[in-house]
Amino acid sequence: MARKIRWGVIGSGGIALRRTIPEGILPARNAELVAVWGRNARTNAEVAARFGVRAARTLDELLAMDLDAVYVATPNHAHCEQVCAAARAGKHVLCEKPLGLTVAEARRMLAA
């Protein structure tokens, strides 16, 4: 089998905890969950412990890790900043819908 895609999750609670991590990333044979980050440090630590991965203390810390891709599962208003930061860090990005709050935001993220 080809090498696994090393994933980080931005926004570790909510949909990521309930669906994406347990139903998407973990069962995928070509994926490995490496780390999670979320604004709520307690929830983030609990999610990391539950799945046996690293709990990043900051978004920058997560983006500095040896990751191939990040999944953005934060509230909609945060998508643009986080997607652009991940792109600047050289990560592939899978973002929850909506991509942006406006067409201009979506274009900015695509350009990044």
# chains A, B, ... in the order shown; residues from 1 in each chain; ligands from 1
$ residues_around --residues "His77 (chain A)" --least-positions-apart "6" --cutoff "12 Å" --atoms "only C-alpha atoms" --output "VMD selection string"
chain A and resid 83 96 to 102 105 to 106
$ residues_around --residues "Leu67 (chain A)" --least-positions-apart "5" --cutoff "10 Å" --atoms "only C-alpha atoms" --output "NGL selection string"
:A and (5-8 or 32-35 or 62 or 89-92)
$ residues_around --residues "Arg88 (chain A)" --least-positions-apart "5" --cutoff "12 Å" --atoms "only C-alpha atoms" --output "number ranges by chain"
A: 60, 63-64, 81-83, 93, 109-112
$ write_last_selection --atoms "N, CA, C and O atoms" --output "mmCIF file, in the first residue's frame"
data_model
loop_
_atom_site.group_PDB
_atom_site.id
_atom_site.type_symbol
_atom_site.label_atom_id
_atom_site.label_comp_id
_atom_site.auth_asym_id
_atom_site.auth_seq_id
_atom_site.Cartn_x
_atom_site.Cartn_y
_atom_site.Cartn_z
ATOM 1 N N ASP A 60 -0.487 27.480 14.913
ATOM 2 C CA ASP A 60 0.867 27.494 14.343
ATOM 3 C C ASP A 60 1.639 26.223 14.681
ATOM 4 O O ASP A 60 2.370 25.692 13.855
ATOM 5 N N LEU A 63 0.348 23.493 12.422
ATOM 6 C CA LEU A 63 0.789 23.673 11.035
ATOM 7 C C LEU A 63 2.289 23.456 10.856
ATOM 8 O O LEU A 63 2.738 23.200 9.739
ATOM 9 N N ALA A 64 3.050 23.519 11.932
ATOM 10 C CA ALA A 64 4.490 23.263 11.858
ATOM 11 C C ALA A 64 4.818 21.769 11.913
ATOM 12 O O ALA A 64 5.953 21.367 11.651
ATOM 13 N N GLU A 81 -9.275 32.486 7.368
ATOM 14 C CA GLU A 81 -7.970 32.683 8.021
ATOM 15 C C GLU A 81 -7.226 31.360 8.174
ATOM 16 O O GLU A 81 -6.029 31.270 7.902
ATOM 17 N N GLN A 82 -7.924 30.313 8.594
ATOM 18 C CA GLN A 82 -7.277 29.029 8.857
ATOM 19 C C GLN A 82 -6.869 28.314 7.574
ATOM 20 O O GLN A 82 -5.792 27.723 7.503
ATOM 21 N N VAL A 83 -7.704 28.368 6.552
ATOM 22 C CA VAL A 83 -7.352 27.754 5.274
ATOM 23 C C VAL A 83 -6.140 28.457 4.675
ATOM 24 O O VAL A 83 -5.203 27.799 4.198
ATOM 25 N N VAL A 93 -5.549 21.035 2.034
ATOM 26 C CA VAL A 93 -6.650 21.424 2.907
ATOM 27 C C VAL A 93 -7.962 20.796 2.447
ATOM 28 O O VAL A 93 -8.307 20.847 1.267
ATOM 29 N N MET A 109 -9.104 32.102 -0.569
ATOM 30 C CA MET A 109 -8.650 30.780 -0.131
ATOM 31 C C MET A 109 -8.148 29.968 -1.308
ATOM 32 O O MET A 109 -7.117 29.287 -1.217
ATOM 33 N N LEU A 110 -8.848 30.022 -2.427
ATOM 34 C CA LEU A 110 -8.393 29.299 -3.615
ATOM 35 C C LEU A 110 -7.053 29.822 -4.106
ATOM 36 O O LEU A 110 -6.192 29.047 -4.521
ATOM 37 N N ALA A 111 -6.863 31.126 -4.041
ATOM 38 C CA ALA A 111 -5.590 31.714 -4.468
ATOM 39 C C ALA A 111 -4.456 31.273 -3.552
ATOM 40 O O ALA A 111 -3.325 31.078 -4.004
ATOM 41 N N ALA A 112 -4.760 31.126 -2.257
ATOM 42 C CA ALA A 112 -3.723 30.716 -1.294
ATOM 43 C C ALA A 112 -3.282 29.289 -1.591
ATOM 44 O O ALA A 112 -2.148 28.927 -1.437
#
$ select_by_dssp --residues "chain A" --states "strand (DSSP E or B)" --output "VMD selection string"
chain A and resid 5 to 10 31 to 37 54 to 55 69 to 72 92 to 95
$ residues_around --residues "Phe51 (chain A)" --least-positions-apart "2" --cutoff "12 Å" --atoms "only C-alpha atoms" --output "number ranges by chain"
A: 9, 12, 16-17, 21-22, 25-26, 32-36, 44-49, 53-55
$ write_last_selection --atoms "all heavy atoms" --output "compact mmCIF listing (two decimals), in the first residue's frame"
# COMPACT_ATOMS: atom_id res chain seq x y z
N VAL A 9 -6.20 17.99 12.38
CA VAL A 9 -7.56 18.50 12.40
C VAL A 9 -7.57 19.86 13.09
O VAL A 9 -7.05 20.00 14.20
CB VAL A 9 -8.52 17.54 13.12
CG1 VAL A 9 -9.89 18.16 13.32
CG2 VAL A 9 -8.64 16.23 12.34
N SER A 12 -11.17 20.60 16.76
CA SER A 12 -11.23 19.19 17.18
C SER A 12 -12.55 18.74 17.77
O SER A 12 -12.79 17.55 17.87
CB SER A 12 -10.11 18.91 18.19
OG SER A 12 -10.17 19.82 19.28
N ALA A 16 -15.97 17.21 13.76
CA ALA A 16 -14.73 16.42 13.65
C ALA A 16 -14.74 15.27 14.66
O ALA A 16 -14.39 14.14 14.32
CB ALA A 16 -13.51 17.32 13.87
N LEU A 17 -15.13 15.56 15.88
CA LEU A 17 -15.18 14.54 16.92
C LEU A 17 -16.29 13.53 16.67
O LEU A 17 -16.09 12.33 16.81
CB LEU A 17 -15.38 15.21 18.29
CG LEU A 17 -15.66 14.28 19.47
CD1 LEU A 17 -14.49 13.32 19.69
CD2 LEU A 17 -15.94 15.10 20.71
N ILE A 21 -13.46 12.34 12.27
CA ILE A 21 -12.33 11.54 12.78
C ILE A 21 -12.73 10.06 12.88
O ILE A 21 -12.06 9.21 12.27
CB ILE A 21 -11.82 12.09 14.12
CG1 ILE A 21 -11.18 13.48 13.92
CG2 ILE A 21 -10.81 11.12 14.75
CD1 ILE A 21 -10.81 14.19 15.21
N PRO A 22 -13.79 9.71 13.61
CA PRO A 22 -14.09 8.28 13.77
C PRO A 22 -14.62 7.59 12.52
O PRO A 22 -14.39 6.40 12.33
CB PRO A 22 -15.12 8.24 14.90
CG PRO A 22 -15.77 9.58 14.88
CD PRO A 22 -14.70 10.54 14.42
N ILE A 25 -11.44 9.63 8.90
CA ILE A 25 -9.98 9.51 8.93
C ILE A 25 -9.53 8.17 9.49
O ILE A 25 -8.71 7.48 8.87
CB ILE A 25 -9.36 10.69 9.72
CG1 ILE A 25 -9.66 12.01 9.01
CG2 ILE A 25 -7.86 10.49 9.88
CD1 ILE A 25 -9.24 13.25 9.78
N LEU A 26 -10.02 7.80 10.66
CA LEU A 26 -9.51 6.58 11.30
C LEU A 26 -9.73 5.30 10.51
O LEU A 26 -8.81 4.47 10.42
CB LEU A 26 -10.11 6.44 12.71
CG LEU A 26 -9.68 7.51 13.71
CD1 LEU A 26 -10.32 7.23 15.07
CD2 LEU A 26 -8.18 7.61 13.83
N GLU A 32 -3.73 8.64 8.36
CA GLU A 32 -3.26 8.53 9.74
C GLU A 32 -3.53 9.86 10.43
O GLU A 32 -3.07 10.91 9.96
CB GLU A 32 -1.77 8.23 9.76
CG GLU A 32 -1.16 8.23 11.14
CD GLU A 32 0.35 8.10 11.13
OE1 GLU A 32 0.95 8.05 10.05
OE2 GLU A 32 0.92 8.10 12.23
N LEU A 33 -4.28 9.84 11.51
CA LEU A 33 -4.50 11.04 12.30
C LEU A 33 -3.27 11.27 13.16
O LEU A 33 -2.87 10.40 13.92
CB LEU A 33 -5.75 10.89 13.17
CG LEU A 33 -6.11 12.10 14.03
CD1 LEU A 33 -6.44 13.32 13.15
CD2 LEU A 33 -7.26 11.77 14.95
N VAL A 34 -2.68 12.45 13.05
CA VAL A 34 -1.45 12.76 13.78
C VAL A 34 -1.71 13.70 14.95
O VAL A 34 -1.18 13.51 16.04
CB VAL A 34 -0.41 13.39 12.83
CG1 VAL A 34 0.82 13.87 13.58
CG2 VAL A 34 -0.03 12.40 11.74
N ALA A 35 -2.52 14.75 14.72
CA ALA A 35 -2.71 15.77 15.75
C ALA A 35 -4.01 16.51 15.54
O ALA A 35 -4.57 16.53 14.45
CB ALA A 35 -1.55 16.75 15.72
N VAL A 36 -4.45 17.15 16.63
CA VAL A 36 -5.66 17.97 16.59
C VAL A 36 -5.38 19.30 17.28
O VAL A 36 -4.51 19.40 18.15
CB VAL A 36 -6.85 17.27 17.28
CG1 VAL A 36 -7.25 16.01 16.54
CG2 VAL A 36 -6.55 16.94 18.74
N ASN A 44 -9.84 19.90 23.33
CA ASN A 44 -8.77 19.46 22.45
C ASN A 44 -7.95 18.35 23.09
O ASN A 44 -7.63 17.35 22.45
CB ASN A 44 -7.89 20.65 22.07
CG ASN A 44 -7.01 20.34 20.90
OD1 ASN A 44 -7.49 19.97 19.83
ND2 ASN A 44 -5.71 20.48 21.09
N ALA A 45 -7.60 18.52 24.36
CA ALA A 45 -6.82 17.49 25.07
C ALA A 45 -7.61 16.19 25.17
O ALA A 45 -7.05 15.09 25.02
CB ALA A 45 -6.43 18.00 26.45
N GLU A 46 -8.91 16.30 25.43
CA GLU A 46 -9.75 15.10 25.53
C GLU A 46 -9.85 14.37 24.19
O GLU A 46 -9.77 13.14 24.14
CB GLU A 46 -11.15 15.48 26.04
CG GLU A 46 -11.17 15.92 27.48
CD GLU A 46 -12.49 16.52 27.92
OE1 GLU A 46 -13.43 16.64 27.09
OE2 GLU A 46 -12.60 16.89 29.11
N VAL A 47 -10.02 15.12 23.11
CA VAL A 47 -10.10 14.50 21.78
C VAL A 47 -8.78 13.83 21.44
O VAL A 47 -8.75 12.69 20.95
CB VAL A 47 -10.50 15.55 20.71
CG1 VAL A 47 -10.39 14.97 19.32
CG2 VAL A 47 -11.92 16.05 20.99
N ALA A 48 -7.68 14.51 21.70
CA ALA A 48 -6.36 13.94 21.42
C ALA A 48 -6.16 12.65 22.21
O ALA A 48 -5.68 11.65 21.66
CB ALA A 48 -5.27 14.95 21.74
N ALA A 49 -6.50 12.66 23.48
CA ALA A 49 -6.35 11.45 24.31
C ALA A 49 -7.25 10.33 23.81
O ALA A 49 -6.82 9.17 23.76
CB ALA A 49 -6.66 11.78 25.77
N VAL A 53 -3.55 10.79 19.82
CA VAL A 53 -2.74 11.67 18.97
C VAL A 53 -2.29 12.89 19.77
O VAL A 53 -2.68 13.08 20.93
CB VAL A 53 -3.52 12.12 17.72
CG1 VAL A 53 -3.93 10.90 16.89
CG2 VAL A 53 -4.73 12.97 18.07
N ARG A 54 -1.50 13.70 19.15
CA ARG A 54 -0.95 14.89 19.80
C ARG A 54 -1.99 16.02 19.82
O ARG A 54 -2.70 16.23 18.84
CB ARG A 54 0.29 15.34 19.04
CG ARG A 54 1.03 16.46 19.71
CD ARG A 54 2.38 16.63 19.09
NE ARG A 54 2.95 17.88 19.55
CZ ARG A 54 3.98 18.46 19.00
NH1 ARG A 54 4.57 17.90 17.95
NH2 ARG A 54 4.44 19.59 19.46
N ALA A 55 -2.03 16.74 20.92
CA ALA A 55 -2.89 17.92 21.06
C ALA A 55 -2.02 19.15 20.87
O ALA A 55 -1.21 19.48 21.74
CB ALA A 55 -3.56 17.96 22.44
$ atom_distance --atom1 "CA of Leu59 (chain A)" --atom2 "CA of Arg108 (chain A)"
19.4 Å
$ atom_distance --atom1 "CA of Ala78 (chain A)" --atom2 "CA of Ala28 (chain A)"
26.8 Å
$ atom_distance --atom1 "CA of Asn76 (chain A)" --atom2 "CA of Thr43 (chain A)"
19.0 Å
$ closest_residue --among "A:Leu94, A:Ile15, A:Ile10, A:Cys80" --to "Thr58 (chain A)" --atoms "only C-alpha atoms"
A:Ile10
